[in-house]
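So the structure is just underneath, and the comments pick up after that.
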There are 4 protein chains.
Amino acid sequence: MKLQISCQLDYEAYSSTPLILMLRPRSGSGQWIIKEEYILEPSVPITEYTDIYGNLCQRLLSPQGKFTVFTSSIVQTADEIDVAPNAEFVLIEDLPAEELIYLLPSRYCESDQLGNLAFQIVGNAYPGYDQVELIRQWIHHNIIYQYGFSNVSTSAKDTAYAKVGVCRDFSHLGIALCRSLSIPARMVVGYLHELNPMDLHAWFEAFVGGRWYTFDATQDYPKGNRVVLAYGRDAADVALATQFGSIFLLDMRVSVSVAEDVTV
Amino acid sequence: MKLQISCQLDYEAYSSTPLILMLRPRSGSGQWIIKEEYILEPSVPITEYTDIYGNLCQRLLSPQGKFTVFTSSIVQTADEIDVAPNAEFVLIEDLPAEELIYLLPSRYCESDQLGNLAFQIVGNAYPGYDQVELIRQWIHHNIIYQYGFSNVSTSAKDTAYAKVGVCRDFSHLGIALCRSLSIPARMVVGYLHELNPMDLHAWFEAFVGGRWYTFDATQDYPKGNRVVLAYGRDAADVALATQFGSIFLLDMRVSVSVAEDVTV
Amino acid sequence: MKLQISCQLDYEAYSSTPLILMLRPRSGSGQWIIKEEYILEPSVPITEYTDIYGNLCQRLLSPQGKFTVFTSSIVQTADEIDVAPNAEFVLIEDLPAEELIYLLPSRYCESDQLGNLAFQIVGNAYPGYDQVELIRQWIHHNIIYQYGFSNVSTSAKDTAYAKVGVCRDFSHLGIALCRSLSIPARMVVGYLHELNPMDLHAWFEAFVGGRWYTFDATQDYPKGNRVVLAYGRDAADVALATQFGSIFLLDMRVSVSVAEDVTV
Amino acid sequence: MKLQISCQLDYEAYSSTPLILMLRPRSGSGQWIIKEEYILEPSVPITEYTDIYGNLCQRLLSPQGKFTVFTSSIVQTADEIDVAPNAEFVLIEDLPAEELIYLLPSRYCESDQLGNLAFQIVGNAYPGYDQVELIRQWIHHNIIYQYGFSNVSTSAKDTAYAKVGVCRDFSHLGIALCRSLSIPARMVVGYLHELNPMDLHAWFEAFVGGRWYTFDATQDYPKGNRVVLAYGRDAADVALATQFGSIFLLDMRVSVSVAEDVTV
């Protein structure tokens with residue numbers, strides 16, 4: 001399905017402030033950017049670099065006063081996410097070298113401390129995809145989705161105790177539990193069609209059966225039509241907007257809708 | 001200046017054929033992509049990867065029959081290119097490691113064989129920018145710009161003898177002469193505002209005074225308002241469209257115009 | 001000074017077990033590997049890859065039973081580490097893109113939660129090197145160096161409360177405090193001449209005045225003669241030996257001594 | 001087999017001269033560096049970086065006067081190289097993105113001009129490994145191995161006409177012919193056990209059947225016990241010693257012998 005996605009950030013800055021944004025989706029194997037806009041108002045100099053995960057990051061100095069960032073894209077997405085019961089656990093010695101980093105604990109995913117919970121959840125399940133799906137279901141059924149109970153410092157361990165959180169927390173817990181079973185797992189942020197209420201979203205991927213699979217513990221069933229903005233070890237790596245000073249986000253509007261056909 | 005650029009490639013293929021394209025400009029320090037479209041008609045699966053020079057490359061299998069690729073962007077460009085008389089030659093031992101590759105000879109730039117010509121051209125000029133500018137002027141005045149006398153196999157050495165060629169050949173000769181003086185030089189392909197006749201264009205950059213500077217031996221004076229599509233050692237690395245089979249380019253249309261303001 | 005360093009790990013494995021090691025120092029701008037040995041006994045297949053930080057990592061499957069890894073090098077090291085009072089804080093907008101990752105919180109460095117302590121420590125110090133040195137001194141004077149009070153899960157925040165730890169904890173705290181002031185900071189593991197008691201060691205680097213500087217909160221004064229094995233965001237990234245199964249480290253011997261001259 | 005390899009370069013420089021060397025083998029999937037020495041006499045500052053192909057490169061300023069570089073390693077090598085008749089041609093659309101660069105023409109491999117010869121040589125052979133082996137055999141039987149008839153500017157096309165050359169020329173021709181058939185091919189330089197006369201050596205690899213295979217047109221039959229120093233598109237990328245000034249190589253000694261066992 002072709003999706004029209006957009007995100008508008010309205011800022012007010014007391015003084016000129018450095019911002020790092022990750023709001024430009026990349027074309028890759030799973031999504032194709034047909035059309036795109038990236039507008040700053042007022043216009044200020046901006047540069048772009050690629051981080052160690054391959055994400056496109058935009059750097060700029062906001063002007064003093066009001067400042068708006070508007071991005072919009074039409075993206076060809078997959079209607080379904082791949083589901084692969086029985087896809088096998090990949091032996092450590094067979095993992096591609098570049099995925100090994102996704103086994104390590106990270107700021108919000110203390111996989112070194114959640115092994116017991118993970119073993120409890122997966123029981124005797126067949127190692128690999130089925131374990132990850134059990135983790136996803138356990139989170140979906142045992143963690144309450146509610147705003148206001150977690151914040152930017154909340155980690156997977158915190159969420160495992162508090163049993164409440166938002167998509168970011170659900171993802172962190174899923175990632176940490178996978179890693180504690182030696183399954184590489186990574187954070188994904190982006191857009192999801194028909195997310196309710198609409199917002200930027202976070203989910204996770206696990207590496208089983210020789211490739212990455214998508215898991216989303218906030219949803220009842222596997223849903224496609226996702227647009228990835230960034231991949232990372234956890235939310236520390238994929239903050240869509242990082243500010244370094246006195247700037248306030250006055251408003252943020254996110255939309256996802258079905259796009260009309262684009263022709264030459 | 002904001003430029004509206006576009007390129008349309010109309011193909012006809014006897015059978016499904018692999019294509020590699022380099023038609024998506026990247027935002028970076030010198031240009032900012034405000035708006036962009038990348039449309040295939042008919043639509044076929046396409047993926048994108050980054051090559052060793054940081055260029056975005058698109059891979060696809062053309063369908064059998066007629067096939068059109070259309071790309072269009074609005075890009076914020078610099079109105080002037082930086083000019084830096086006396087910018088110094090960078091000692092080999094002070095060159096950043098990642099620029100050393102641009103000292104080496106390459107397919108179309110036999111810098112190992114053009115040292116004599118280079119020394120003749122630069123005479124006693126101050127080492128660095130001034131040498132490159134003398135090389136640029138020498139090419140501009142001594143090589144005739146004319147289509148039909150060079151082809152995809154023509155190298156800098158060929159051009160130095162034949163004294164005729166197009167932008168690609170002018171660039172190769174400039175690059176080879178710079179490298180023979182131990183000045184890193186690289187090929188650039190992209191768009192140039194008010195190029196006459198309008199087409200995709202090629203020029204070169206040389207690394208002097210601690211950074212890359214733009215040189216264009218086809219032009220009378222330094223002109224800004226350029227959009228870079230790709231960087232490489234020479235044309236072998238930056239072919240904007242590479243095909244591997246029986247596909248014919250029926251038509252190609254390139255346009256560059258001043259864009260209207262884009263607002264949120 | 002030329003240092004002879006060595007590390008021997010004696011393992012016993014119940015069954016064949018994947019190991020990832022980071023025991024091969026790289027030659028770079030600060031150290032030169034003159035001689036090196038890397039021996040496995042019994043010999044088993046082993047491969048090497050480079051991680052995202054540029055560290056060399058060795059992968060192997062230990063055999064069942066006794067297994068020894070022995071590495072030894074003669075390394076040209078700098079006798080002094082650079083000390084640069086007044087080296088300035090680098091504005092976020094001026095940081096090289098590749099260093100931005102070292103501003104982010106990580107598993108053991110919750111910089112998002114240690115800002116208050118950092119501001120208390122640095123007071124009105126001149127932003128940059130002097131702040132980092134105050135942090136280093138504060139740790140040196142306020143955290144007790146003692147084994148047995150911290151473990152593989154202990155983070156900077158834990159150490160700030162417990163006020164006790166080892167070199168790894170000292171480093172994590174230094175890194176977290178720097179990052180909370182928007183100073184990029186990274187973990188370093190390796191060897192230090194005359195460390196007492198001798199062991200593998202950890203310290204940190206901070207990016208001020210346009211480059212990385214070495215800081216070691218475990219030492220009374222700046223000491224050179226260090227050999228770096230690996231860099232990373234924190235200990236999660238630079239574990240010198242990671243095992244994935246039932247293997248036991250029976251013994252570990254580390255030595256550092258002055259090397260004799262090596263000639264052709 | 002464990003090989004003891006060494007290379008000694010004796011220089012004399014009129015003045016301090018930049019040198020770039022590629023004399024440190026890397027451990028990887030095919031070879032393991034057990035022991036290594038890298039000695040400069042007199043000792044001068046030296047740094048190391050990784051180029052775009054993953055090769056380790058050493059940079060230094062030679063002192064004025066006599067200067068010696070001595071490298072020696074004990075390397076675990078494979079006794080046999082893999083031979084895979086019928087390994088299939090990989091369709092362009094299935095090639096890993098990172099191998100596409102090895103399809104392009106390069107300084108010494110004008111694959112854009114050698115297609116006719118390649119088609120003549122391979123005839124109706126099964127596409128893939130068998131074609132490469134026919135190319136290898138054709139070179140072995142049709143090109144005379146002799147010093148003094150080629151030089152640093154000699155390319156594959158030159159060799160195809162002159163029908164004489166050394167290992168470097170044999171490799172360039174093999175690479176160019178493979179690429180003209182859309183088979184990725186790359187240059188390899190290093191050591192070969194029992195090469196006669198002993199010297200540094202060059203051969204090539206072709207990507208068929210989903211991986212790289214070793215081919216050596218200078219040899220009668222497939223020989224293992226090779227140590228790779230560097231990979232590249234052709235000799236322009238893998239010069240083992242590049243000098244930028246008035247320095248003379250007085251003598252060069254290369255040795256390869258069977259190493260005794262190395263134990264802890």
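As shown in the structure tokens, the chain order sets the letters A, B, ...; within each chain, residues go from 1, and ligands are also counted from 1 in the order they appear.
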
Can you build me a table of chain D residues sitting at most 12 Å from chain C, with the closest atom pair per residue and its distance in Å to one decimal, using only C-alpha atoms, sorted by chain and residue number, as a tab-separated table?
residue	atom	partner	partner_atom	distance
D:Lys2	CA	C:Ser43	CA	11.6
D:Ser6	CA	C:Val264	CA	11.1
D:Cys7	CA	C:Val264	CA	10.9
D:Gln8	CA	C:Val264	CA	8.8
D:Leu9	CA	C:Val264	CA	11.0
D:Asp10	CA	C:Val264	CA	11.1
D:Arg24	CA	C:Ser27	CA	10.4
D:Pro25	CA	C:Glu48	CA	12.0
D:Arg26	CA	C:Glu48	CA	8.3
D:Ser27	CA	C:Glu48	CA	5.7
D:Gly28	CA	C:Glu48	CA	4.9
D:Ser29	CA	C:Thr47	CA	5.0
D:Gly30	CA	C:Thr47	CA	7.8
D:Gln31	CA	C:Thr47	CA	7.9
D:Trp32	CA	C:Thr47	CA	7.1
D:Ile33	CA	C:Tyr38	CA	7.3
D:Ile34	CA	C:Tyr38	CA	4.9
D:Lys35	CA	C:Glu37	CA	4.2
D:Glu36	CA	C:Glu36	CA	5.0
D:Glu37	CA	C:Lys35	CA	4.2
D:Tyr38	CA	C:Ile34	CA	4.9
D:Ile39	CA	C:Ile34	CA	5.9
D:Leu40	CA	C:Val264	CA	8.0
D:Glu41	CA	C:Thr263	CA	7.2
D:Pro42	CA	C:Thr263	CA	9.1
D:Ser43	CA	C:Thr263	CA	9.5
D:Val44	CA	C:Trp32	CA	10.5
D:Pro45	CA	C:Trp32	CA	8.5
D:Ile46	CA	C:Trp32	CA	7.1
D:Thr47	CA	C:Ser29	CA	4.9
D:Glu48	CA	C:Gly28	CA	4.9
D:Tyr49	CA	C:Gly28	CA	6.8
D:Thr50	CA	C:Gly54	CA	9.2
D:Gly54	CA	C:Thr50	CA	9.2
D:Asn55	CA	C:Thr50	CA	11.5
D:Leu56	CA	C:Ser27	CA	9.4
D:Cys57	CA	C:Ser27	CA	10.1
D:Gln58	CA	C:Ser27	CA	8.9
D:Arg59	CA	C:Gly28	CA	9.9
D:Leu60	CA	C:Ser29	CA	10.9
D:Phe67	CA	C:Val264	CA	11.3
D:Thr68	CA	C:Val264	CA	8.3
D:Val69	CA	C:Val264	CA	8.4
D:Phe70	CA	C:Val264	CA	6.4
D:Thr71	CA	C:Val264	CA	8.9
D:Ser72	CA	C:Lys35	CA	9.1
D:Ser73	CA	C:Glu36	CA	9.0
D:Ile74	CA	C:Glu37	CA	9.0
D:Val75	CA	C:Tyr38	CA	10.4
D:Gln76	CA	C:Pro45	CA	9.6
D:Thr77	CA	C:Pro45	CA	10.8
D:Ala78	CA	C:Pro45	CA	11.0
D:Asp261	CA	C:Ile39	CA	10.4
D:Val262	CA	C:Ile39	CA	7.4
D:Thr263	CA	C:Ile39	CA	6.9
D:Val264	CA	C:Phe70	CA	6.4

Do you know which residues are at most 7 Å from D:Ser111 counting only C-alpha atoms, after dropping those on the same chain fewer than 6 positions away, and could you put them as a PDB file with all heavy atoms, in the first residue's frame?
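Below is the file out_34.pdb, written as the result:
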ATOM      1  N   PRO D 105      34.934  -1.377 -14.729  1.00  0.00           N
ATOM      2  CA  PRO D 105      36.300  -1.312 -15.248  1.00  0.00           C
ATOM      3  C   PRO D 105      37.164  -0.492 -14.289  1.00  0.00           C
ATOM      4  O   PRO D 105      36.652   0.315 -13.512  1.00  0.00           O
ATOM      5  CB  PRO D 105      36.132  -0.585 -16.581  1.00  0.00           C
ATOM      6  CG  PRO D 105      34.869   0.189 -16.473  1.00  0.00           C
ATOM      7  CD  PRO D 105      33.982  -0.623 -15.561  1.00  0.00           C
ATOM      8  N   ALA D 176      39.872  -8.449 -15.924  1.00  0.00           N
ATOM      9  CA  ALA D 176      39.160  -7.707 -16.973  1.00  0.00           C
ATOM     10  C   ALA D 176      38.253  -8.635 -17.777  1.00  0.00           C
ATOM     11  O   ALA D 176      37.116  -8.281 -18.111  1.00  0.00           O
ATOM     12  CB  ALA D 176      40.163  -7.013 -17.889  1.00  0.00           C
ATOM     13  N   LEU D 177      38.745  -9.830 -18.087  1.00  0.00           N
ATOM     14  CA  LEU D 177      37.937 -10.775 -18.866  1.00  0.00           C
ATOM     15  C   LEU D 177      36.698 -11.213 -18.075  1.00  0.00           C
ATOM     16  O   LEU D 177      35.593 -11.284 -18.616  1.00  0.00           O
ATOM     17  CB  LEU D 177      38.789 -11.971 -19.292  1.00  0.00           C
ATOM     18  CG  LEU D 177      39.874 -11.637 -20.339  1.00  0.00           C
ATOM     19  CD1 LEU D 177      40.868 -12.788 -20.482  1.00  0.00           C
ATOM     20  CD2 LEU D 177      39.256 -11.296 -21.703  1.00  0.00           C
ATOM     21  N   ARG D 179      35.147  -9.541 -15.664  1.00  0.00           N
ATOM     22  CA  ARG D 179      34.193  -8.432 -15.560  1.00  0.00           C
ATOM     23  C   ARG D 179      33.451  -8.200 -16.868  1.00  0.00           C
ATOM     24  O   ARG D 179      32.280  -7.815 -16.860  1.00  0.00           O
ATOM     25  CB  ARG D 179      34.933  -7.148 -15.168  1.00  0.00           C
ATOM     26  CG  ARG D 179      35.426  -7.164 -13.737  1.00  0.00           C
ATOM     27  CD  ARG D 179      36.054  -5.823 -13.376  1.00  0.00           C
ATOM     28  NE  ARG D 179      36.793  -5.917 -12.123  1.00  0.00           N
ATOM     29  CZ  ARG D 179      37.741  -5.063 -11.743  1.00  0.00           C
ATOM     30  NH1 ARG D 179      38.067  -4.042 -12.535  1.00  0.00           N
ATOM     31  NH2 ARG D 179      38.363  -5.217 -10.592  1.00  0.00           N
ATOM     32  N   SER D 180      34.118  -8.463 -17.983  1.00  0.00           N
ATOM     33  CA  SER D 180      33.434  -8.239 -19.264  1.00  0.00           C
ATOM     34  C   SER D 180      32.304  -9.244 -19.448  1.00  0.00           C
ATOM     35  O   SER D 180      31.426  -9.048 -20.284  1.00  0.00           O
ATOM     36  CB  SER D 180      34.443  -8.305 -20.409  1.00  0.00           C
ATOM     37  OG  SER D 180      34.825  -9.646 -20.634  1.00  0.00           O
TER      38      SER D 180
END

Please provide the set of residues having any atom within 6 Å of stretch 129-133 of chain D, restricted to only C-alpha atoms, with same-chain residues fewer than 4 positions apart removed, written as a tab-separated table (two decimals) with C-alpha atoms, in the first residue's frame.
chain	number	residue	atom	x	y	z
D	85	PRO	CA	33.35	-26.74	-11.10
D	86	ASN	CA	29.80	-25.76	-12.08
D	87	ALA	CA	29.49	-23.11	-9.38
D	122	VAL	CA	34.63	-19.16	-22.81
D	125	ALA	CA	30.96	-23.08	-21.17
D	208	VAL	CA	30.63	-17.16	-8.54

- Task: Run DSSP on the backbone and grab whatever in stretch 28-254 of chain C lands in strand (DSSP E or B); send it over as a ChimeraX atom specification.
- Result: /C:32-41,46-50,56-62,65-76,88,106,109,128,144-145,164-165,185-192,201-208,211-215,226-232,241-243,247-254

- Message: Show me, as an NGL selection string, the residues that have an atom within 10 Å of B:Tyr213 when counting only C-alpha atoms, minus same-chain residues fewer than 2 positions from it.
- Response: :B and (81-84 or 87 or 129 or 132 or 185 or 204-211 or 215)

Dump N, CA and C atoms for the selected residues as a compact mmCIF listing (two decimals), in the first residue's frame?
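Saved to selection-v7.txt:
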# COMPACT_ATOMS: atom_id res chain seq x y z
N ILE B 81 30.23 28.98 -6.14
CA ILE B 81 31.16 27.97 -5.66
C ILE B 81 32.34 28.70 -5.04
N ASP B 82 32.92 28.10 -4.03
CA ASP B 82 34.05 28.74 -3.35
C ASP B 82 35.26 28.76 -4.27
N VAL B 83 35.92 29.91 -4.29
CA VAL B 83 37.14 30.10 -5.07
C VAL B 83 38.21 30.52 -4.09
N ALA B 84 39.39 29.89 -4.15
CA ALA B 84 40.37 30.13 -3.09
C ALA B 84 41.79 30.22 -3.63
N ALA B 87 45.11 28.76 -1.98
CA ALA B 87 44.86 27.64 -1.05
C ALA B 87 45.96 26.61 -1.30
N TYR B 129 45.75 25.23 -5.04
CA TYR B 129 44.61 25.71 -5.82
C TYR B 129 45.02 26.32 -7.15
N VAL B 132 45.63 23.81 -9.83
CA VAL B 132 44.40 23.21 -10.34
C VAL B 132 43.68 24.18 -11.27
N ALA B 185 41.93 14.26 -6.51
CA ALA B 185 40.89 14.80 -7.38
C ALA B 185 39.83 13.74 -7.61
N PHE B 204 34.73 18.31 -11.78
CA PHE B 204 35.61 17.63 -10.83
C PHE B 204 35.89 18.49 -9.61
N GLU B 205 36.38 17.84 -8.58
CA GLU B 205 36.78 18.52 -7.36
C GLU B 205 38.23 18.17 -7.06
N ALA B 206 38.93 19.12 -6.48
CA ALA B 206 40.32 18.88 -6.06
C ALA B 206 40.45 19.23 -4.59
N PHE B 207 41.29 18.47 -3.89
CA PHE B 207 41.46 18.67 -2.46
C PHE B 207 42.72 19.51 -2.22
N VAL B 208 42.51 20.77 -1.92
CA VAL B 208 43.61 21.70 -1.61
C VAL B 208 43.19 22.56 -0.44
N GLY B 209 44.17 23.08 0.29
CA GLY B 209 43.84 23.95 1.42
C GLY B 209 42.97 23.26 2.46
N GLY B 210 43.04 21.93 2.54
CA GLY B 210 42.33 21.22 3.58
C GLY B 210 40.88 20.87 3.28
N ARG B 211 40.41 21.13 2.07
CA ARG B 211 39.02 20.76 1.72
C ARG B 211 38.88 20.60 0.21
N PHE B 215 35.74 22.48 -9.55
CA PHE B 215 36.32 23.01 -10.78
C PHE B 215 35.53 22.47 -11.97

- Message: Taking only stretch 27-231 of chain B into account, list the residues labelled alpha helix (DSSP H) by DSSP (computed from the backbone), as an MDAnalysis selection string.
- Response: chainID B and resid 115:122 129:142 156:162 167:180

Given the selection you just returned, output its residues as a file containing C-alpha atoms, formatted as a PDB file, in the first residue's frame.
ATOM      1  CA  GLY B 115      52.954  13.954 -15.251  1.00  0.00           C
ATOM      2  CA  ASN B 116      54.908  15.679 -18.002  1.00  0.00           C
ATOM      3  CA  LEU B 117      51.883  17.490 -19.364  1.00  0.00           C
ATOM      4  CA  ALA B 118      50.860  18.534 -15.856  1.00  0.00           C
ATOM      5  CA  PHE B 119      54.261  20.002 -15.048  1.00  0.00           C
ATOM      6  CA  GLN B 120      54.263  21.871 -18.346  1.00  0.00           C
ATOM      7  CA  ILE B 121      50.852  23.376 -17.607  1.00  0.00           C
ATOM      8  CA  VAL B 122      51.436  24.486 -14.046  1.00  0.00           C
ATOM      9  CA  TYR B 129      44.605  25.708  -5.816  1.00  0.00           C
ATOM     10  CA  ASP B 130      46.476  27.826  -8.341  1.00  0.00           C
ATOM     11  CA  GLN B 131      47.854  24.725 -10.052  1.00  0.00           C
ATOM     12  CA  VAL B 132      44.396  23.208 -10.337  1.00  0.00           C
ATOM     13  CA  GLU B 133      42.997  26.441 -11.739  1.00  0.00           C
ATOM     14  CA  LEU B 134      45.774  26.525 -14.368  1.00  0.00           C
ATOM     15  CA  ILE B 135      44.911  22.964 -15.305  1.00  0.00           C
ATOM     16  CA  ARG B 136      41.225  23.894 -15.554  1.00  0.00           C
ATOM     17  CA  GLN B 137      42.021  26.889 -17.769  1.00  0.00           C
ATOM     18  CA  TRP B 138      44.393  24.895 -19.936  1.00  0.00           C
ATOM     19  CA  ILE B 139      41.704  22.309 -20.603  1.00  0.00           C
ATOM     20  CA  HIS B 140      39.098  24.995 -21.225  1.00  0.00           C
ATOM     21  CA  HIS B 141      41.318  26.662 -23.825  1.00  0.00           C
ATOM     22  CA  ASN B 142      42.960  23.639 -25.428  1.00  0.00           C
ATOM     23  CA  ALA B 156      42.158  11.278 -20.040  1.00  0.00           C
ATOM     24  CA  LYS B 157      45.188  10.219 -22.033  1.00  0.00           C
ATOM     25  CA  ASP B 158      43.054   9.787 -25.138  1.00  0.00           C
ATOM     26  CA  THR B 159      41.611  13.257 -24.614  1.00  0.00           C
ATOM     27  CA  ALA B 160      45.026  14.811 -24.071  1.00  0.00           C
ATOM     28  CA  TYR B 161      45.966  13.533 -27.527  1.00  0.00           C
ATOM     29  CA  ALA B 162      42.677  14.024 -29.384  1.00  0.00           C
ATOM     30  CA  CYS B 167      32.197  17.298 -19.976  1.00  0.00           C
ATOM     31  CA  ARG B 168      33.085  13.780 -18.922  1.00  0.00           C
ATOM     32  CA  ASP B 169      36.350  13.895 -20.855  1.00  0.00           C
ATOM     33  CA  PHE B 170      37.193  17.394 -19.604  1.00  0.00           C
ATOM     34  CA  SER B 171      36.726  16.149 -16.047  1.00  0.00           C
ATOM     35  CA  HIS B 172      38.826  13.031 -16.544  1.00  0.00           C
ATOM     36  CA  LEU B 173      41.679  15.074 -17.913  1.00  0.00           C
ATOM     37  CA  GLY B 174      41.475  17.561 -15.041  1.00  0.00           C
ATOM     38  CA  ILE B 175      41.447  14.753 -12.507  1.00  0.00           C
ATOM     39  CA  ALA B 176      44.349  12.858 -14.069  1.00  0.00           C
ATOM     40  CA  LEU B 177      46.502  15.991 -14.270  1.00  0.00           C
ATOM     41  CA  CYS B 178      45.816  16.897 -10.629  1.00  0.00           C
ATOM     42  CA  ARG B 179      46.617  13.397  -9.404  1.00  0.00           C
ATOM     43  CA  SER B 180      49.869  13.368 -11.339  1.00  0.00           C
TER      44      SER B 180
END

- Query: Quick one, how far is atom CA of D:Gln146 from atom CA of D:Gly165?
  - Reply: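 Computing it gives 5.5 Å between the two atoms.
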
- Which residue, C:Glu260, C:Asp51, C:Asp199, C:Asp220, has the smallest gap to A:Glu99 when you use only C-alpha atoms?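 Ranked by minimum distance to A:Glu99, first place goes to C:Asp51.
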
- Task: Give me the residues within 7 Å of A:Asn225 as a PyMOL selection string, counting only C-alpha atoms and dropping any in the same chain fewer than 3 places off.
- Result: chain A and resi 1+77-80+192-193
